[in-house]
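Undergrad: File run_27.pdb follows (PDB, C-alpha atoms, pLDDT in the B column):
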ATOM      1  CA  MET A   1      37.551 149.654 128.417  1.00 76.00           C
ATOM      2  CA  GLU A   2      35.027 147.406 126.713  1.00 88.00           C
ATOM      3  CA  LYS A   3      32.710 145.445 129.001  1.00 89.00           C
ATOM      4  CA  ILE A   4      31.199 142.145 127.892  1.00 88.00           C
ATOM      5  CA  ILE A   5      28.547 140.015 129.529  1.00 87.00           C
ATOM      6  CA  PHE A   6      28.681 136.233 129.615  1.00 84.00           C
ATOM      7  CA  SER A   7      25.858 133.852 130.422  1.00 82.00           C
ATOM      8  CA  PRO A   8      27.697 130.682 131.474  1.00 77.00           C
ATOM      9  CA  ASP A   9      24.556 128.708 132.303  1.00 75.00           C
ATOM     10  CA  GLY A  10      22.135 130.577 130.077  1.00 75.00           C
ATOM     11  CA  ASP A  11      20.436 132.378 132.963  1.00 81.00           C
ATOM     12  CA  SER A  12      22.960 134.149 135.185  1.00 87.00           C
ATOM     13  CA  GLN A  13      25.203 136.886 133.849  1.00 89.00           C
ATOM     14  CA  VAL A  14      28.872 137.595 134.554  1.00 89.00           C
ATOM     15  CA  GLU A  15      30.530 140.857 133.498  1.00 91.00           C
ATOM     16  CA  PHE A  16      34.138 141.086 132.366  1.00 92.00           C
ATOM     17  CA  TYR A  17      36.305 143.898 131.059  1.00 94.00           C
ATOM     18  CA  VAL A  18      38.351 143.164 127.941  1.00 93.00           C
ATOM     19  CA  LEU A  19      42.004 144.095 128.407  1.00 91.00           C
ATOM     20  CA  GLU A  20      43.309 142.853 125.062  1.00 92.00           C
ATOM     21  CA  GLN A  21      42.604 140.468 122.208  1.00 94.00           C
ATOM     22  CA  THR A  22      44.794 138.511 119.816  1.00 95.00           C
ATOM     23  CA  ARG A  23      44.670 135.786 117.192  1.00 94.00           C
ATOM     24  CA  LEU A  24      46.969 132.787 117.459  1.00 93.00           C
ATOM     25  CA  GLY A  25      46.927 129.465 115.638  1.00 92.00           C
ATOM     26  CA  GLY A  26      43.682 130.310 113.861  1.00 93.00           C
ATOM     27  CA  PHE A  27      41.788 131.121 117.072  1.00 95.00           C
ATOM     28  CA  ASN A  28      40.785 134.417 118.639  1.00 95.00           C
ATOM     29  CA  TYR A  29      41.642 134.939 122.299  1.00 97.00           C
ATOM     30  CA  ILE A  30      40.627 137.649 124.729  1.00 96.00           C
ATOM     31  CA  LEU A  31      42.193 138.630 128.027  1.00 94.00           C
ATOM     32  CA  VAL A  32      39.489 139.663 130.488  1.00 94.00           C
ATOM     33  CA  THR A  33      39.354 140.830 134.089  1.00 92.00           C
ATOM     34  CA  ASP A  34      36.589 141.140 136.650  1.00 88.00           C
ATOM     35  CA  VAL A  35      37.461 144.726 137.704  1.00 88.00           C
ATOM     36  CA  GLU A  36      37.753 147.847 135.588  1.00 85.00           C
ATOM     37  CA  ASP A  37      40.670 149.367 137.510  1.00 82.00           C
ATOM     38  CA  GLY A  38      43.366 147.836 139.710  1.00 76.00           C
ATOM     39  CA  ASP A  39      44.361 144.253 140.266  1.00 79.00           C
ATOM     40  CA  GLY A  40      41.685 141.685 139.631  1.00 81.00           C
ATOM     41  CA  GLU A  41      41.249 138.132 138.456  1.00 87.00           C
ATOM     42  CA  ALA A  42      42.305 137.686 134.836  1.00 89.00           C
ATOM     43  CA  LEU A  43      41.207 134.943 132.464  1.00 93.00           C
ATOM     44  CA  ILE A  44      42.220 134.053 128.945  1.00 95.00           C
ATOM     45  CA  LEU A  45      39.228 132.999 126.885  1.00 95.00           C
ATOM     46  CA  LYS A  46      39.308 131.181 123.540  1.00 96.00           C
ATOM     47  CA  ASP A  47      36.623 131.871 120.933  1.00 94.00           C
ATOM     48  CA  LEU A  48      35.189 128.547 119.740  1.00 94.00           C
ATOM     49  CA  SER A  49      32.262 129.938 117.763  1.00 91.00           C
ATOM     50  CA  ASP A  50      31.712 129.521 114.051  1.00 87.00           C
ATOM     51  CA  GLU A  51      31.127 132.473 111.752  1.00 82.00           C
ATOM     52  CA  ALA A  52      27.496 131.364 111.409  1.00 85.00           C
ATOM     53  CA  ASP A  53      26.871 131.478 115.182  1.00 82.00           C
ATOM     54  CA  ALA A  54      24.644 134.337 116.348  1.00 83.00           C
ATOM     55  CA  GLU A  55      26.630 134.691 119.580  1.00 83.00           C
ATOM     56  CA  ALA A  56      30.254 134.007 120.418  1.00 85.00           C
ATOM     57  CA  VAL A  57      31.131 130.868 122.360  1.00 88.00           C
ATOM     58  CA  TYR A  58      34.150 131.125 124.671  1.00 91.00           C
ATOM     59  CA  GLU A  59      35.939 128.688 126.933  1.00 92.00           C
ATOM     60  CA  ILE A  60      38.545 129.381 129.590  1.00 92.00           C
ATOM     61  CA  VAL A  61      42.012 128.326 128.440  1.00 96.00           C
ATOM     62  CA  THR A  62      43.301 125.735 130.921  1.00 94.00           C
ATOM     63  CA  GLU A  63      45.751 123.596 128.941  1.00 96.00           C
ATOM     64  CA  ASP A  64      49.238 124.562 130.177  1.00 95.00           C
ATOM     65  CA  PHE A  65      51.057 124.808 126.828  1.00 95.00           C
ATOM     66  CA  GLU A  66      48.294 126.869 125.209  1.00 96.00           C
ATOM     67  CA  LEU A  67      47.909 129.058 128.303  1.00 95.00           C
ATOM     68  CA  GLU A  68      51.649 129.842 128.446  1.00 94.00           C
ATOM     69  CA  ALA A  69      51.800 130.646 124.722  1.00 94.00           C
ATOM     70  CA  VAL A  70      48.810 132.992 124.744  1.00 95.00           C
ATOM     71  CA  ALA A  71      49.819 134.589 128.060  1.00 92.00           C
ATOM     72  CA  SER A  72      53.229 135.375 126.565  1.00 91.00           C
ATOM     73  CA  VAL A  73      51.577 137.157 123.628  1.00 93.00           C
ATOM     74  CA  PHE A  74      49.383 139.197 125.966  1.00 91.00           C
ATOM     75  CA  GLU A  75      52.368 140.100 128.172  1.00 89.00           C
ATOM     76  CA  ASN A  76      54.153 141.444 125.076  1.00 89.00           C
ATOM     77  CA  LEU A  77      51.089 143.418 123.995  1.00 89.00           C
ATOM     78  CA  LEU A  78      50.531 144.843 127.490  1.00 86.00           C
ATOM     79  CA  GLU A  79      53.963 145.819 128.748  1.00 76.00           C
ATOM     80  CA  ASP A  80      52.796 146.543 132.311  1.00 65.00           C
ATOM     81  CA  VAL A  81      50.982 143.209 132.798  1.00 62.00           C
ATOM     82  CA  GLU A  82      52.524 139.998 134.090  1.00 62.00           C
ATOM     83  CA  LEU A  83      50.465 136.824 133.746  1.00 59.00           C
ATOM     84  CA  LEU A  84      50.941 133.383 135.302  1.00 53.00           C
TER      85      LEU A  84
END
Written as structure tokens, how would this file's structure read?

TA:
Amino acid sequence: MEKIIFSPDGDSQVEFYVLEQTRLGGFNYILVTDVEDGDGEALILKDLSDEADAEAVYEIVTEDFELEAVASVFENLLEDVELL
């Protein structure tokens, strides 16, 4: 499982494991968790970066309609995962 490191404030680092990724409505989304195995916290992150950006810029998806739509895609991709 791929591990990625985020720096939310530029200094501290937070590690997440990427469970799946998809593209929807012209945006890339990743489903991440804080633990490699077992049940952990899961987040759906939306890639807001431009192609010219040196590093990816992600935000947590919080808008209900968008969250439900992307969660449904991830649930279909990962048959053993139930989100929301």

Undergrad: Find, counting all atoms listed in the file, the residue in A:Ser49, A:Glu63, A:Met1, A:Ala54 that gets nearest to Glu20 of chain A.

TA: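 Of the candidates, the smallest distance to Glu20 of chain A is held by A:Met1.
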
Undergrad: Have a look at atom CA of Leu77 of chain A and atom CA of Ile44 of chain A and let me know their distance in Å, one decimal.

TA: 13.8 Å

Undergrad: From the set A:Glu75, A:Glu51, A:Glu41, A:Glu36, which residue has the shortest atom-to-atom contact distance to Ile4 of chain A, counting all atoms listed in the file?

TA: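 Of the candidates, the smallest distance to Ile4 of chain A is held by A:Glu36.
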
Undergrad: I'd like the contact shell of Leu67 of chain A - 12 Å cut-off, only C-alpha atoms, skipping same-chain residues fewer than 6 positions apart - returned as a list in words.

TA: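 Near Leu67 of chain A, the qualifying residues are Leu24, Tyr29, Ile30, Leu31, Leu43, Ile44, Leu45, Lys46, Ile60, Val61, Val73, Phe74, Glu75, Leu83 and Leu84 of chain A.
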
Undergrad: In Å, with one decimal, what is the gap from atom CA of Ala56 of chain A to atom CA of Ser7 of chain A?

TA: 10.9 Å

Undergrad: Compare A:Gly26, A:Thr33, A:Leu48, A:Gln21 by their minimum atom-to-atom distance to Asn76 of chain A, counting only C-alpha atoms, and give me the closest one.

TA: A:Gln21

Undergrad: A:Ala71, A:Ala52, A:Val57, A:Leu78: which is nearest Leu19 of chain A, counting only C-alpha atoms?

TA: A:Leu78

Undergrad: How far is it from atom CA of Asp9 of chain A to atom CA of Tyr58 of chain A, in Å with one decimal?

TA: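 It comes out at 12.5 Å.
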
Undergrad: Which one of A:Asp64, A:Glu55, A:Glu79, A:Asp37 sits closest to Ile5 of chain A if you count only C-alpha atoms?

TA: A:Glu55

Undergrad: The PyMOL selection byres ((chain A and resi 14) around 12) on the file shown: which residues, as number ranges by chain?

TA: A: 3-13, 15-17, 32-35

Undergrad: Name the closest residue to Asn28 of chain A among the candidates A:Phe65, A:Asp50, A:Glu2, A:Gly40; distances are taken between atoms, counting only C-alpha atoms.

TA: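 Looking only at the distances to Asn28 of chain A, the closest residue turns out to be A:Asp50.
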